[in-house]
Each structure stands twice: as C-alpha cells, then as structure tokens.
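With mmCIF, C-alpha atoms and all ligand atoms inside, this is protein.cif:
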```cif
data_target
loop_
_atom_site.label_atom_id
_atom_site.label_comp_id
_atom_site.auth_asym_id
_atom_site.auth_seq_id
_atom_site.Cartn_x
_atom_site.Cartn_y
_atom_site.Cartn_z
CA MET A 1 21.59 -24.22 11.89
CA ALA A 2 17.94 -23.21 12.00
CA LEU A 3 16.99 -19.80 13.38
CA LYS A 4 14.98 -19.59 16.61
CA ARG A 5 11.25 -19.10 16.22
CA ALA A 6 9.82 -15.56 16.15
CA LEU A 7 8.26 -14.49 19.44
CA LYS A 8 4.55 -13.85 19.16
CA SER A 9 4.85 -11.60 22.25
CA ASN A 10 7.37 -9.33 20.47
CA ILE A 11 5.10 -9.05 17.44
CA GLN A 12 2.09 -8.23 19.60
CA GLU A 13 3.99 -5.74 21.76
CA MET A 14 5.23 -3.77 18.76
CA ILE A 15 1.90 -3.80 16.91
CA GLU A 16 0.10 -2.65 20.05
CA GLY A 17 2.93 -0.19 20.76
CA LEU A 18 2.45 1.41 17.35
CA ASP A 19 -1.29 1.47 17.84
CA LYS A 20 -0.95 3.92 20.74
CA PHE A 21 -0.25 6.57 18.09
CA ASN A 22 -3.70 6.99 16.68
CA SER A 23 -5.72 10.12 15.94
CA ASP A 24 -9.12 8.39 16.34
CA PRO A 25 -8.71 5.55 18.87
CA LYS A 26 -12.46 5.13 19.34
CA ASP A 27 -12.83 3.84 15.82
CA GLY A 28 -9.95 1.60 14.77
CA THR A 29 -6.65 3.15 13.77
CA THR A 30 -6.10 6.42 11.94
CA ARG A 31 -2.51 7.49 11.38
CA ILE A 32 -2.03 9.86 8.48
CA LEU A 33 1.32 10.80 7.02
CA PHE A 34 3.29 13.38 9.01
CA THR A 35 0.50 14.11 11.49
CA GLU A 36 1.49 14.06 15.16
CA PRO A 37 0.56 10.39 15.73
CA GLU A 38 2.43 9.32 12.62
CA LEU A 39 5.55 11.27 13.62
CA LYS A 40 5.40 9.69 17.08
CA ALA A 41 4.94 6.24 15.53
CA ARG A 42 8.05 6.87 13.41
CA ASN A 43 10.05 7.65 16.55
CA TYR A 44 8.67 4.60 18.32
CA ILE A 45 9.59 2.27 15.46
CA LYS A 46 13.07 3.80 15.09
CA GLU A 47 13.62 3.10 18.79
CA GLU A 48 12.48 -0.51 18.33
CA MET A 49 14.88 -0.85 15.41
CA ALA A 50 17.74 0.55 17.45
CA LYS A 51 16.88 -1.73 20.41
CA VAL A 52 17.63 -4.82 18.33
CA GLY A 53 20.95 -3.32 17.23
CA LEU A 54 20.07 -1.93 13.81
CA SER A 55 21.52 1.39 12.64
CA VAL A 56 18.81 3.74 11.48
CA ARG A 57 18.76 6.44 8.80
CA GLU A 58 16.16 8.29 6.74
CA ASP A 59 16.12 9.66 3.20
CA ALA A 60 14.73 13.00 2.01
CA ILE A 61 11.12 11.76 1.79
CA GLY A 62 11.21 10.05 5.18
CA ASN A 63 11.73 6.44 4.10
CA ILE A 64 13.33 4.77 7.14
CA PHE A 65 16.16 2.25 6.70
CA ALA A 66 17.44 0.09 9.58
CA THR A 67 20.57 -1.86 8.75
CA LEU A 68 21.90 -5.14 10.03
CA GLU A 69 25.41 -5.15 8.66
CA GLY A 70 26.72 -8.16 6.77
CA SER A 71 30.32 -9.23 6.26
CA ASP A 72 30.49 -7.46 2.87
CA PRO A 73 28.50 -4.21 3.02
CA SER A 74 29.65 -3.35 -0.51
CA LEU A 75 27.26 -6.01 -1.93
CA PRO A 76 23.71 -5.11 -2.99
CA VAL A 77 21.46 -5.30 0.07
CA VAL A 78 18.49 -7.47 0.99
CA TRP A 79 15.36 -5.53 1.98
CA THR A 80 12.23 -6.15 3.94
CA GLY A 81 9.60 -3.77 5.32
CA SER A 82 6.26 -2.10 4.76
CA HIS A 83 4.41 1.02 5.99
CA ILE A 84 3.01 2.48 9.22
CA ASP A 85 0.51 5.02 7.84
CA THR A 86 -3.14 4.06 7.47
CA VAL A 87 -6.36 4.94 5.72
CA ILE A 88 -9.03 6.62 7.87
CA ASN A 89 -10.52 4.33 10.55
CA ALA A 90 -8.39 1.40 9.49
CA GLY A 91 -6.99 -1.55 11.42
CA LYS A 92 -3.67 -1.95 13.19
CA PHE A 93 -2.17 -4.62 10.92
CA ASP A 94 -2.12 -3.29 7.34
CA GLY A 95 1.53 -2.33 6.85
CA MET A 96 2.48 -2.54 10.51
CA ALA A 97 2.61 -6.36 10.43
CA GLY A 98 5.35 -6.20 7.77
CA VAL A 99 7.46 -3.61 9.56
CA VAL A 100 7.25 -5.43 12.88
CA ALA A 101 7.95 -8.81 11.22
CA GLY A 102 11.03 -7.26 9.61
CA ILE A 103 12.37 -6.03 12.96
CA GLU A 104 11.70 -9.39 14.62
CA ALA A 105 13.33 -11.24 11.70
CA ALA A 106 16.40 -9.02 11.93
CA ARG A 107 16.59 -9.75 15.69
CA LEU A 108 16.42 -13.50 15.07
CA ILE A 109 19.19 -13.32 12.47
CA LYS A 110 21.40 -11.07 14.59
CA GLU A 111 21.00 -13.11 17.78
CA SER A 112 21.64 -16.38 15.94
CA GLY A 113 25.15 -15.15 15.21
CA GLN A 114 24.89 -16.69 11.74
CA LYS A 115 27.06 -15.10 9.10
CA HIS A 116 25.54 -13.23 6.19
CA LYS A 117 27.45 -11.49 3.44
CA ARG A 118 24.93 -8.85 2.46
CA ASN A 119 23.47 -6.11 4.62
CA ILE A 120 19.87 -6.79 5.59
CA GLU A 121 17.70 -3.67 5.84
CA VAL A 122 14.28 -3.22 7.44
CA LEU A 123 12.35 -0.37 5.86
CA VAL A 124 9.39 1.81 6.63
CA TYR A 125 8.25 3.26 3.32
CA THR A 126 6.71 6.73 3.53
CA SER A 127 2.93 6.84 3.01
CA GLU A 128 1.90 3.71 1.21
CA GLU A 129 -1.67 4.91 1.60
CA PRO A 130 -2.97 7.75 -0.59
CA THR A 131 -4.86 9.19 2.40
CA ARG A 132 -3.14 12.57 2.71
CA PHE A 133 -1.86 13.46 -0.77
CA GLY A 134 -4.20 11.39 -2.98
CA LEU A 135 -1.35 9.27 -4.35
CA GLY A 136 -0.17 6.02 -2.80
CA CYS A 137 3.35 4.60 -2.30
CA LEU A 138 4.98 8.03 -2.04
CA GLY A 139 8.28 6.82 -0.58
CA SER A 140 8.70 3.76 -2.75
CA ARG A 141 7.45 5.68 -5.81
CA ALA A 142 10.23 8.21 -5.28
CA MET A 143 12.72 5.34 -4.91
CA ALA A 144 11.52 4.00 -8.27
CA GLY A 145 12.15 7.42 -9.83
CA GLU A 146 8.44 8.02 -10.39
CA LEU A 147 7.96 10.91 -7.99
CA SER A 148 10.15 13.87 -8.93
CA LEU A 149 10.62 16.96 -6.79
CA ASP A 150 8.40 18.88 -9.25
CA LYS A 151 5.61 16.33 -8.90
CA ALA A 152 6.02 16.36 -5.11
CA LYS A 153 5.53 20.16 -5.23
CA GLU A 154 2.23 19.64 -7.04
CA LEU A 155 0.85 17.08 -4.59
CA LYS A 156 -1.41 18.90 -2.14
CA ASP A 157 -3.32 17.79 0.92
CA GLU A 158 -6.86 18.96 1.73
CA GLU A 159 -5.53 22.11 3.40
CA GLY A 160 -3.53 23.00 0.30
CA ASN A 161 -0.11 22.16 1.79
CA SER A 162 2.22 20.59 -0.75
CA LEU A 163 4.23 17.48 0.05
CA THR A 164 7.44 19.47 -0.33
CA GLU A 165 6.25 22.19 2.08
CA VAL A 166 5.37 19.57 4.66
CA LEU A 167 8.72 17.80 4.22
CA GLU A 168 10.61 21.09 4.58
CA SER A 169 8.67 22.10 7.67
CA LEU A 170 9.78 18.84 9.27
CA GLY A 171 13.42 19.44 8.46
CA TYR A 172 13.85 17.10 5.48
CA ASP A 173 16.42 18.41 3.02
CA LEU A 174 14.86 18.82 -0.42
CA ALA A 175 18.34 19.29 -1.90
CA GLU A 176 18.74 15.57 -1.28
CA PHE A 177 15.49 14.60 -3.01
CA ASP A 178 17.33 13.54 -6.17
CA GLN A 179 19.29 11.01 -4.13
CA ILE A 180 16.16 9.01 -3.27
CA PRO A 181 15.89 6.92 -6.49
CA VAL A 182 17.55 3.52 -6.15
CA LYS A 183 19.76 2.21 -8.95
CA GLN A 184 18.89 -1.03 -10.74
CA GLY A 185 21.00 -3.69 -9.08
CA GLY A 186 21.40 -1.68 -5.87
CA VAL A 187 18.99 -3.98 -4.03
CA PHE A 188 19.61 -7.70 -4.42
CA ALA A 189 16.10 -8.76 -3.32
CA ALA A 190 13.16 -7.38 -1.34
CA VAL A 191 10.59 -9.45 0.55
CA GLU A 192 7.56 -7.81 2.19
CA LEU A 193 5.29 -9.52 4.68
CA HIS A 194 1.72 -8.19 4.66
CA ILE A 195 -1.72 -9.22 5.80
CA GLU A 196 -3.72 -10.71 2.94
CA GLN A 197 -6.64 -8.20 3.07
CA GLY A 198 -8.88 -10.84 1.50
CA ALA A 199 -10.37 -14.18 2.53
CA VAL A 200 -8.57 -16.64 0.26
CA LEU A 201 -6.14 -18.05 2.84
CA GLU A 202 -8.81 -18.27 5.52
CA SER A 203 -11.20 -20.08 3.18
CA LEU A 204 -8.47 -22.56 2.21
CA GLU A 205 -7.29 -22.86 5.83
CA VAL A 206 -3.73 -22.21 4.65
CA PRO A 207 -1.53 -20.04 6.89
CA ILE A 208 0.87 -18.59 4.30
CA GLY A 209 0.30 -16.94 0.94
CA ILE A 210 3.14 -16.47 -1.53
CA VAL A 211 2.38 -13.58 -3.85
CA GLU A 212 3.10 -14.24 -7.51
CA SER A 213 2.00 -10.86 -8.81
CA ILE A 214 0.64 -7.56 -7.50
CA ALA A 215 -2.30 -6.17 -9.47
CA GLY A 216 -1.61 -2.75 -11.01
CA PRO A 217 -3.92 0.01 -9.76
CA SER A 218 -5.18 3.01 -11.72
CA SER A 219 -6.96 5.87 -10.06
CA PHE A 220 -8.86 8.89 -11.28
CA GLU A 221 -10.39 12.01 -9.76
CA VAL A 222 -13.62 12.99 -11.50
CA SER A 223 -15.53 16.23 -11.22
CA ILE A 224 -18.99 16.76 -12.65
CA ALA A 225 -20.57 20.16 -13.10
CA GLY A 226 -24.34 19.92 -13.58
CA LYS A 227 -27.03 22.43 -12.72
CA GLN A 228 -28.07 22.99 -9.14
CA SER A 229 -31.80 23.60 -8.95
CA HIS A 230 -35.03 23.03 -7.03
CA ALA A 231 -36.13 19.40 -6.42
CA GLY A 232 -39.80 20.35 -6.59
CA GLY A 233 -39.80 22.98 -9.29
CA THR A 234 -37.63 21.27 -11.89
CA PRO A 235 -39.35 18.69 -14.14
CA MET A 236 -37.40 15.50 -14.78
CA ASN A 237 -36.69 16.34 -18.41
CA LEU A 238 -35.09 19.69 -17.55
CA ARG A 239 -32.54 18.44 -15.07
CA HIS A 240 -28.74 18.21 -15.29
CA ASP A 241 -28.22 16.14 -12.15
CA ALA A 242 -24.53 15.69 -11.36
CA PHE A 243 -25.15 12.96 -8.79
CA LEU A 244 -27.11 10.77 -11.21
CA ALA A 245 -24.31 11.05 -13.76
CA CYS A 246 -21.91 9.86 -11.06
CA CYS A 247 -24.23 6.91 -10.29
CA GLU A 248 -24.34 5.87 -13.93
CA ILE A 249 -20.55 6.00 -14.17
CA ALA A 250 -20.10 3.99 -10.97
CA LEU A 251 -22.51 1.31 -12.20
CA GLU A 252 -20.80 1.15 -15.58
CA ALA A 253 -17.42 0.73 -13.86
CA GLU A 254 -18.91 -2.18 -11.91
CA ARG A 255 -20.36 -3.74 -15.09
CA LEU A 256 -17.09 -3.41 -17.00
CA ALA A 257 -15.12 -5.03 -14.17
CA LYS A 258 -17.61 -7.87 -13.77
CA GLU A 259 -17.71 -8.60 -17.48
CA SER A 260 -13.98 -8.11 -18.11
CA ALA A 261 -11.83 -10.76 -19.77
CA SER A 262 -9.67 -10.98 -16.63
CA LYS A 263 -10.99 -12.54 -13.42
CA ASP A 264 -8.89 -10.06 -11.43
CA THR A 265 -10.44 -6.80 -12.67
CA VAL A 266 -11.98 -4.78 -9.84
CA ALA A 267 -13.47 -1.29 -9.95
CA THR A 268 -14.51 0.91 -7.03
CA VAL A 269 -16.04 4.32 -6.57
CA GLY A 270 -15.13 4.72 -2.91
CA ARG A 271 -15.31 8.46 -2.33
CA VAL A 272 -18.16 10.69 -3.44
CA GLU A 273 -18.75 14.29 -2.51
CA VAL A 274 -22.14 15.63 -3.55
CA LEU A 275 -22.85 19.37 -3.50
CA PRO A 276 -24.81 20.96 -2.02
CA ASN A 277 -25.88 17.64 -0.43
CA ALA A 278 -29.39 18.67 0.53
CA SER A 279 -32.58 16.63 0.30
CA ASN A 280 -34.57 19.10 -1.74
CA VAL A 281 -31.84 20.25 -4.13
CA ILE A 282 -30.72 18.64 -7.39
CA SER A 283 -26.98 18.31 -7.07
CA GLY A 284 -24.93 20.77 -9.10
CA GLU A 285 -21.48 19.39 -8.45
CA VAL A 286 -20.04 15.99 -7.66
CA TYR A 287 -16.45 14.99 -7.01
CA PHE A 288 -15.57 11.31 -6.86
CA SER A 289 -12.78 8.77 -7.18
CA ILE A 290 -12.49 5.77 -9.48
CA ASP A 291 -10.09 2.95 -8.59
CA ILE A 292 -9.54 0.17 -11.14
CA ARG A 293 -7.08 -2.71 -10.71
CA ASP A 294 -6.04 -5.79 -12.59
CA SER A 295 -3.25 -8.30 -12.85
CA ASP A 296 -3.52 -7.87 -16.64
CA TYR A 297 -2.47 -4.38 -17.78
CA GLU A 298 -3.94 -4.70 -21.31
CA VAL A 299 -7.33 -5.81 -20.02
CA LYS A 300 -7.32 -2.99 -17.48
CA SER A 301 -6.43 -0.43 -20.16
CA GLU A 302 -9.30 -1.63 -22.34
CA CYS A 303 -11.67 -1.41 -19.41
CA ILE A 304 -10.51 2.16 -18.70
CA ASP A 305 -10.85 3.18 -22.38
CA ASN A 306 -14.41 1.87 -22.41
CA LEU A 307 -15.24 3.68 -19.20
CA MET A 308 -13.83 6.96 -20.56
CA LYS A 309 -15.98 6.59 -23.71
CA PHE A 310 -19.01 5.95 -21.51
CA ILE A 311 -18.23 9.08 -19.47
CA GLU A 312 -18.21 11.15 -22.68
CA GLU A 313 -21.62 9.74 -23.59
CA VAL A 314 -23.04 10.57 -20.15
CA GLU A 315 -21.66 14.09 -20.44
CA GLU A 316 -23.37 14.52 -23.80
CA ASP A 317 -26.67 12.82 -22.87
CA ARG A 318 -27.12 14.66 -19.60
CA GLY A 319 -25.74 18.01 -20.73
CA LEU A 320 -23.10 18.38 -18.05
CA THR A 321 -19.36 19.00 -17.91
CA ILE A 322 -17.22 16.11 -16.71
CA LYS A 323 -13.49 16.37 -16.07
CA VAL A 324 -11.37 13.29 -15.42
CA GLU A 325 -7.88 13.55 -13.97
CA LYS A 326 -5.66 10.47 -14.07
CA ILE A 327 -3.74 10.16 -10.80
CA ASN A 328 -1.81 6.97 -11.52
CA ASP A 329 -1.82 4.04 -13.91
CA ASP A 330 0.54 1.40 -12.55
CA GLN A 331 1.63 -1.82 -14.19
CA PRO A 332 1.13 -5.12 -12.34
CA THR A 333 4.35 -6.30 -10.66
CA PRO A 334 5.39 -9.94 -10.98
CA SER A 335 7.32 -11.56 -8.14
CA ASP A 336 10.77 -12.96 -8.73
CA GLN A 337 10.74 -16.72 -9.31
CA LYS A 338 14.01 -17.28 -7.46
CA ILE A 339 12.70 -15.64 -4.30
CA ILE A 340 9.42 -17.56 -4.65
CA LYS A 341 11.42 -20.80 -4.74
CA ILE A 342 13.27 -19.87 -1.53
CA LEU A 343 9.95 -19.03 0.14
CA GLU A 344 8.46 -22.35 -0.98
CA GLU A 345 11.49 -24.28 0.29
CA SER A 346 11.32 -22.51 3.62
CA CYS A 347 7.61 -23.38 4.01
CA THR A 348 8.26 -26.99 2.98
CA ASN A 349 11.18 -27.38 5.41
CA LYS A 350 9.02 -26.07 8.23
CA GLU A 351 6.05 -28.20 7.13
CA ILE A 352 3.91 -25.11 6.67
CA ARG A 353 1.28 -25.21 3.94
CA PHE A 354 1.25 -22.32 1.49
CA HIS A 355 -0.85 -21.03 -1.39
CA LYS A 356 0.42 -19.08 -4.40
CA MET A 357 -1.81 -16.13 -5.23
CA ILE A 358 -2.06 -12.61 -6.62
CA SER A 359 -2.33 -9.51 -4.49
CA GLY A 360 -5.35 -7.40 -5.39
CA ALA A 361 -4.19 -4.67 -2.98
CA PHE A 362 -1.16 -2.64 -3.92
CA HIS A 363 1.95 -2.48 -1.79
CA ASP A 364 5.29 -0.70 -1.73
CA SER A 365 6.72 -3.86 -3.29
CA MET A 366 4.88 -2.87 -6.45
CA MET A 367 7.20 0.14 -6.75
CA VAL A 368 10.29 -1.64 -5.42
CA GLY A 369 9.70 -4.24 -8.16
CA LYS A 370 10.64 -1.58 -10.70
CA PHE A 371 14.27 -1.62 -9.57
CA ALA A 372 14.72 -4.90 -7.66
CA PRO A 373 13.48 -8.51 -7.57
CA ILE A 374 10.58 -8.73 -5.11
CA ALA A 375 8.26 -11.24 -3.50
CA MET A 376 5.66 -11.07 -0.74
CA ILE A 377 4.47 -13.26 2.13
CA PHE A 378 0.79 -13.02 3.05
CA VAL A 379 -0.71 -14.01 6.38
CA PRO A 380 -4.47 -14.56 6.80
CA SER A 381 -6.92 -11.74 7.47
CA LYS A 382 -9.88 -12.68 9.67
CA ASP A 383 -13.06 -12.71 7.55
CA GLY A 384 -10.96 -11.18 4.79
CA ILE A 385 -11.57 -7.71 6.25
CA SER A 386 -9.08 -4.86 5.93
CA HIS A 387 -9.19 -1.04 5.73
CA SER A 388 -11.67 -1.32 8.58
CA PRO A 389 -11.54 -1.20 12.39
CA LYS A 390 -12.58 -4.89 12.18
CA GLU A 391 -9.28 -5.82 10.51
CA TRP A 392 -7.60 -8.65 12.39
CA SER A 393 -4.73 -11.08 11.88
CA ASP A 394 -3.63 -13.51 14.59
CA TYR A 395 -0.29 -12.69 16.16
CA SER A 396 0.67 -16.35 15.89
CA ASP A 397 0.05 -16.23 12.12
CA ILE A 398 2.24 -13.14 11.82
CA ALA A 399 4.92 -14.89 13.89
CA ARG A 400 4.75 -17.91 11.55
CA GLY A 401 5.12 -15.60 8.56
CA THR A 402 8.05 -13.93 10.32
CA ASP A 403 9.81 -17.30 10.59
CA ILE A 404 9.53 -17.73 6.82
CA LEU A 405 10.66 -14.14 6.31
CA ALA A 406 13.73 -14.51 8.56
CA ASP A 407 14.76 -17.75 6.88
CA THR A 408 14.39 -16.23 3.43
CA LEU A 409 16.26 -13.02 4.28
CA LEU A 410 19.17 -15.01 5.68
CA LYS A 411 19.36 -17.20 2.57
CA LEU A 412 19.16 -14.23 0.24
CA ALA A 413 21.81 -12.38 2.23
CA ASN A 414 24.24 -15.23 1.57
CA GLU A 415 23.51 -15.64 -2.16
C1 LIG B 1 -3.51 -0.09 -0.41
O1 LIG B 1 -3.85 -0.07 0.73
C2 LIG B 1 -4.44 -0.38 -1.45
O2 LIG B 1 -5.38 0.43 -1.65
O3 LIG B 1 -4.32 -1.44 -2.07
MN MN B 2 -3.87 -0.31 3.01
MN MN B 3 -0.68 -2.01 3.22
#
```

The structure in this file should be written as structure tokens.
Amino acid sequence: MALKRALKSNIQEMIEGLDKFNSDPKDGTTRILFTEPELKARNYIKEEMAKVGLSVREDAIGNIFATLEGSDPSLPVVWTGSHIDTVINAGKFDGMAGVVAGIEAARLIKESGQKHKRNIEVLVYTSEEPTRFGLGCLGSRAMAGELSLDKAKELKDEEGNSLTEVLESLGYDLAEFDQIPVKQGGVFAAVELHIEQGAVLESLEVPIGIVESIAGPSSFEVSIAGKQSHAGGTPMNLRHDAFLACCEIALEAERLAKESASKDTVATVGRVEVLPNASNVISGEVYFSIDIRDSDYEVKSECIDNLMKFIEEVEEDRGLTIKVEKINDDQPTPSDQKIIKILEESCTNKEIRFHKMISGAFHDSMMVGKFAPIAMIFVPSKDGISHSPKEWSDYSDIARGTDILADTLLKLANE
C-alpha cells in the first residue's frame, strides 16, 4: 500500500516555525550553534518530533535523535536528518529542509500503520556549519570518531570559549563524550534530503537529484605577517605587503582549481581579515581561509601540494612570514548503490524524473558515510543560490522529495 503524500503545509509550517529563531531577521537567517536562537530552535524541533509520536533523545554533543520504533528494535536502524544551524545571513532551507522532511516522512509512515522491522530515526546533527568553531559537521564528525574530547577542548569560538566549555555550560555530560561514536554496522542506512545549493536541477528542469558522491572538502587558516608601513612614504620595492601576498595566493588557488584534472575541483578564499585595514597603510597582517573541494581526493591533494609550494615561493619572494594551519582534509564520500537503486525505483514508480549528480557542498552524510551506507536526495534551489538570504526552494519540491524519502525509509526499514 502506497503512503499518503507529504503535506506541503506541514513542511512550510515547520520551516517557517524554525525561522522564527533567528539572530538577524532583517537579513535572511542567522542561527549559530548554541546561541539563544539555536537553542530555541532545538526545543521547537524536539516538540515537533514529539508531536508526531517520536521519542526524542540527545547525545553528549547535542545530536538529536527522534525514534519511530519498529517491530524489532534490536536491528540496526535507518536514519534520516540534517542540521538546523546556519552560516551568517543564510537562508531558511539549508539543513532545515532535511530535518523537516524527516519529521514529515516519519509522520506519514507512522500514520499509515504499515509495519517496519527496523527503528527509523530522524536526526538533527550538531553544527554542520563551521560558523562558530571553524570546523564543520561537529556532531556527525564525533559520531564518525573523528572529533575526540581532546580535539573538542581545542576548538575555540571567536570569544575564546572551547566547544567543551560551551557544552558543559549547557548541561551536556562530557563523561559521555566517548559514547558518541557509532559502531560500523550500527546504522543500516542513512538518507539525507537537502536543497541542491546549485543550479543543475533547475537548469535541467528535473525535480529530484540523487547524489552519487559528496565532494571532500579541505580547509586551511592562513596568517601572513608582513610589514605595516606608510602608503605614501614606502617605495614599491621596499614593501612587504601582506594583503598582496594573500591576493596572489587566492588567484593561484583559482588557477589551480580551473586547470585541475578534475572537473569538480573548486577553490575559495571566502574570509579575509586585513590589518590594520586603512586606506593609507600597507597591510602588516592578513588572516584568511582557503576552502578546496573535489570528488577526486588524489587530484585535490595534488592541487593542495601545488598551492603550498606556491605559498612558500610567495613567502620567499615578498619577504614575509606565512603560516598555514590545516583544519580538515576530508575524503569524498560515495553513496551506497543499493540505496540509490531504491531511490531510483521510488522516483520511477511515482513517475518523477531524477538526475544523478555529485554534491559539491558537504553534508553530515559525508561523515555518516564513514560508518554507514548513505545516499542523499536533492531538491532544486532557485537560481542555484544558497548560503544567502536569497536562498529559496519551493515547498512543493520539498514535499515531493519527502515522498521519495518516506518511501525509501520504509523500504530500508523492512530490508
Ligand atoms: C556546507 O554548508 C558547505 O560549506 O558545504
Ligand atoms: Mn550550508
Ligand atoms: Mn547544509
């Protein structure tokens, strides 16, 4: 028996409900990990989970699990979910669409009365965005065993608070931190719905994307110490301009990505802090980020090696000191072919066209893929825009994706 269709009104209500918790409502959505709006959004979403009859718990890093019990809870579970934190001045769909779709899918399965052997769990992963602590996928990274308590102690926000201090102040029990990692085989399958954050589906006029692989991101924090001096008094040949060194590095990153052997290589210098940032002063210090991603780990590594060599040359040529700190260097994550097949069948049965594609953005599924078979459903992003107040996905598209999600979760839960 087919499940009922997802209700667009439920999806809209929950996405708009979450959006009330926003620290900068005049300019899109800003909801940073463990700030007041984010804590309120957590409570809101836990209430929505409970309303549809799911039992809710949290682990020691604040990952939220909402369980729809199956007939054999001893079996490895089926997961879905995403995140509710955002970058600064973002949209209201990135992450939230997947959490809300998961809750609606669980409601459809529960209300259908159809049997399923495995538990189905809807998750909110803690801080997929690197906004507060500089490292993304904190909750799912810890689940994958790649964020130890020691590393969590070292992660600091701009005010110097460590992740562990913040967790403790909120009542999370750090003694339970070592229980966060998930054993191989503990999760039977995980399917995340997400907005595409690109314009491929829209350009093809296809409503569903099936993700075959998630590109692996690498990120670096770079600091350059040059020589601060007078913009009028210092001849060009006597300068050690930290900002110009940063420009050269950013342009080289762009060139390497454009000329790389993989069509999926992308490189971004998205954050730059120039000191003292004055019109008549040659900059003495620059701090900036480098973000490089690829679906091909070897090609990405080569690109990074070349960039690091270039940085050494710039340091030498310009007579400055450049320090590069590697924040993360993640492998691409392939989707599981068996889950892809179920997703394809579900689309075909419902006569919904789909397109198989890679995800250039990273997602919690990238980390979950280290201990469980994963796949992702993409729904179109208007004009391909995301990480912007202009981000938009139609509620009816999310509802359509939710139908595929619910179908797939039910099938997986009976495998
Ligand atoms: C996550 O939002 C990313 O940067 O891909
Ligand atoms: Mn994002
Ligand atoms: Mn996201």

- Using only C-alpha atoms, determine which residues lie at most 8 Å from segment 96-110 of chain A, disregarding the query and same-chain residues fewer than 3 positions distant; provide the list as a PyMOL selection string. chain A and resi 3-7+10-11+14-15+18+48-49+52-53+68+80-84+92-93+113-114+120+122-124+192-195+398-399+401-403+405-406+410

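With all atoms listed in the file taken into account, the protein and nucleic acid residues at most 10 Å from Ile180 of chain A (excluding it and anything under 6 positions from it in its own chain) are Asp59, Ala60, Ile61, Gly62, Asn63, Gly139, Ser140, Arg141, Ala142, Met143, Ala144, Gly145, Leu147 and Ser148 of chain A.
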
- Task: Could you tell me how far atom CA of Pro332 of chain A lies from atom CA of Thr265 of chain A, in Å and to one decimal?
- Result: 11.7 Å

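By chain and then residue number, the residues within 8 Å of segment 370-373 of chain A are Ala144, Val182, Lys183, Gln184, Gly185, Gly186, Val187, Phe188, Ala189, Ala190, Thr333, Ser335, Asp336 and Ile339 of chain A, counting all atoms listed in the file and disregarding those fewer than 6 positions away in sequence.
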
Only C-alpha atoms, please: the residues just picked out, written as a PDB file, keeping the file's coordinate frame.
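Saved result, result07.pdb, follows:
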```pdb
ATOM      1  CA  ALA A 144      11.520   4.000  -8.270  1.00  0.00           C
ATOM      2  CA  VAL A 182      17.550   3.520  -6.150  1.00  0.00           C
ATOM      3  CA  LYS A 183      19.760   2.210  -8.950  1.00  0.00           C
ATOM      4  CA  GLN A 184      18.890  -1.030 -10.740  1.00  0.00           C
ATOM      5  CA  GLY A 185      21.000  -3.690  -9.080  1.00  0.00           C
ATOM      6  CA  GLY A 186      21.400  -1.680  -5.870  1.00  0.00           C
ATOM      7  CA  VAL A 187      18.990  -3.980  -4.030  1.00  0.00           C
ATOM      8  CA  PHE A 188      19.610  -7.700  -4.420  1.00  0.00           C
ATOM      9  CA  ALA A 189      16.100  -8.760  -3.320  1.00  0.00           C
ATOM     10  CA  ALA A 190      13.160  -7.380  -1.340  1.00  0.00           C
ATOM     11  CA  THR A 333       4.350  -6.300 -10.660  1.00  0.00           C
ATOM     12  CA  SER A 335       7.320 -11.560  -8.140  1.00  0.00           C
ATOM     13  CA  ASP A 336      10.770 -12.960  -8.730  1.00  0.00           C
ATOM     14  CA  ILE A 339      12.700 -15.640  -4.300  1.00  0.00           C
TER      15      ILE A 339
END
```

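The closest residue to Asp85 of chain A, picked from A:Thr30, A:Asn119, A:Ser112, A:Asn43 and counting only C-alpha atoms, is A:Thr30.
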
- Identify the residues within 12 Å of coordinate (-18.9, -3.4, -18.1) (same frame as the file), considering all atoms listed in the file, and give the answer as an NGL selection string. :A and (248-261 or 265-267 or 299-300 or 302-310)

Listing only residues of chain A within 8 Å of ligand MN 2 (chain B), what is the closest atom pair and its distance in Å (to one decimal) for each, using all atoms listed in the file, sorted by chain and residue number ascending, as a Markdown table?
```
| residue | atom | partner | partner_atom | distance |
| --- | --- | --- | --- | --- |
| A:Thr86 | CA | B:MN2 | MN | 6.3 |
| A:Val87 | CA | B:MN2 | MN | 6.4 |
| A:Asp94 | CA | B:MN2 | MN | 5.5 |
| A:Gly95 | CA | B:MN2 | MN | 6.9 |
| A:Glu128 | CA | B:MN2 | MN | 7.3 |
| A:Glu129 | CA | B:MN2 | MN | 5.8 |
| A:Ala361 | CA | B:MN2 | MN | 7.4 |
| A:Phe362 | CA | B:MN2 | MN | 7.8 |
| A:His363 | CA | B:MN2 | MN | 7.8 |
| A:Ser386 | CA | B:MN2 | MN | 7.5 |
| A:His387 | CA | B:MN2 | MN | 6.0 |
```

- For Ala66 of chain A, list every protein, DNA or RNA residue within 6 Å, evaluated using only C-alpha atoms, and leave out those in the same chain fewer than 2 positions away; present the list as a VMD selection string. chain A and resid 54 to 56 121 to 122

Around all of ligand LIG 1 (chain B)'s listed atoms, make the axis-aligned box with 4 Å on each side and tell me centre and edge lengths in Å to one decimal, as AutoDock Vina command-line options.
```
--center_x -4.4 --center_y -0.5 --center_z -0.7 --size_x 9.9 --size_y 9.9 --size_z 10.8
```

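Considering the residues A:Thr131, A:Asn328, A:Ser74, A:Ser295 and counting only C-alpha atoms and all ligand atoms, ligand MN 3 (chain B) has its shortest atom-to-atom contact with A:Thr131.
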
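Checking A:Asp317, A:Asp291, A:Asp397, A:Asp330 one by one against ligand LIG 1 (chain B), counting all atoms listed in the file, you find the shortest gap at A:Asp291.
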
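Using only C-alpha atoms and all ligand atoms for every distance, the candidate list A:Ser289, A:Thr321, A:Asn349, A:Ser359 yields A:Ser359 as the residue closest to ligand LIG 1 (chain B).
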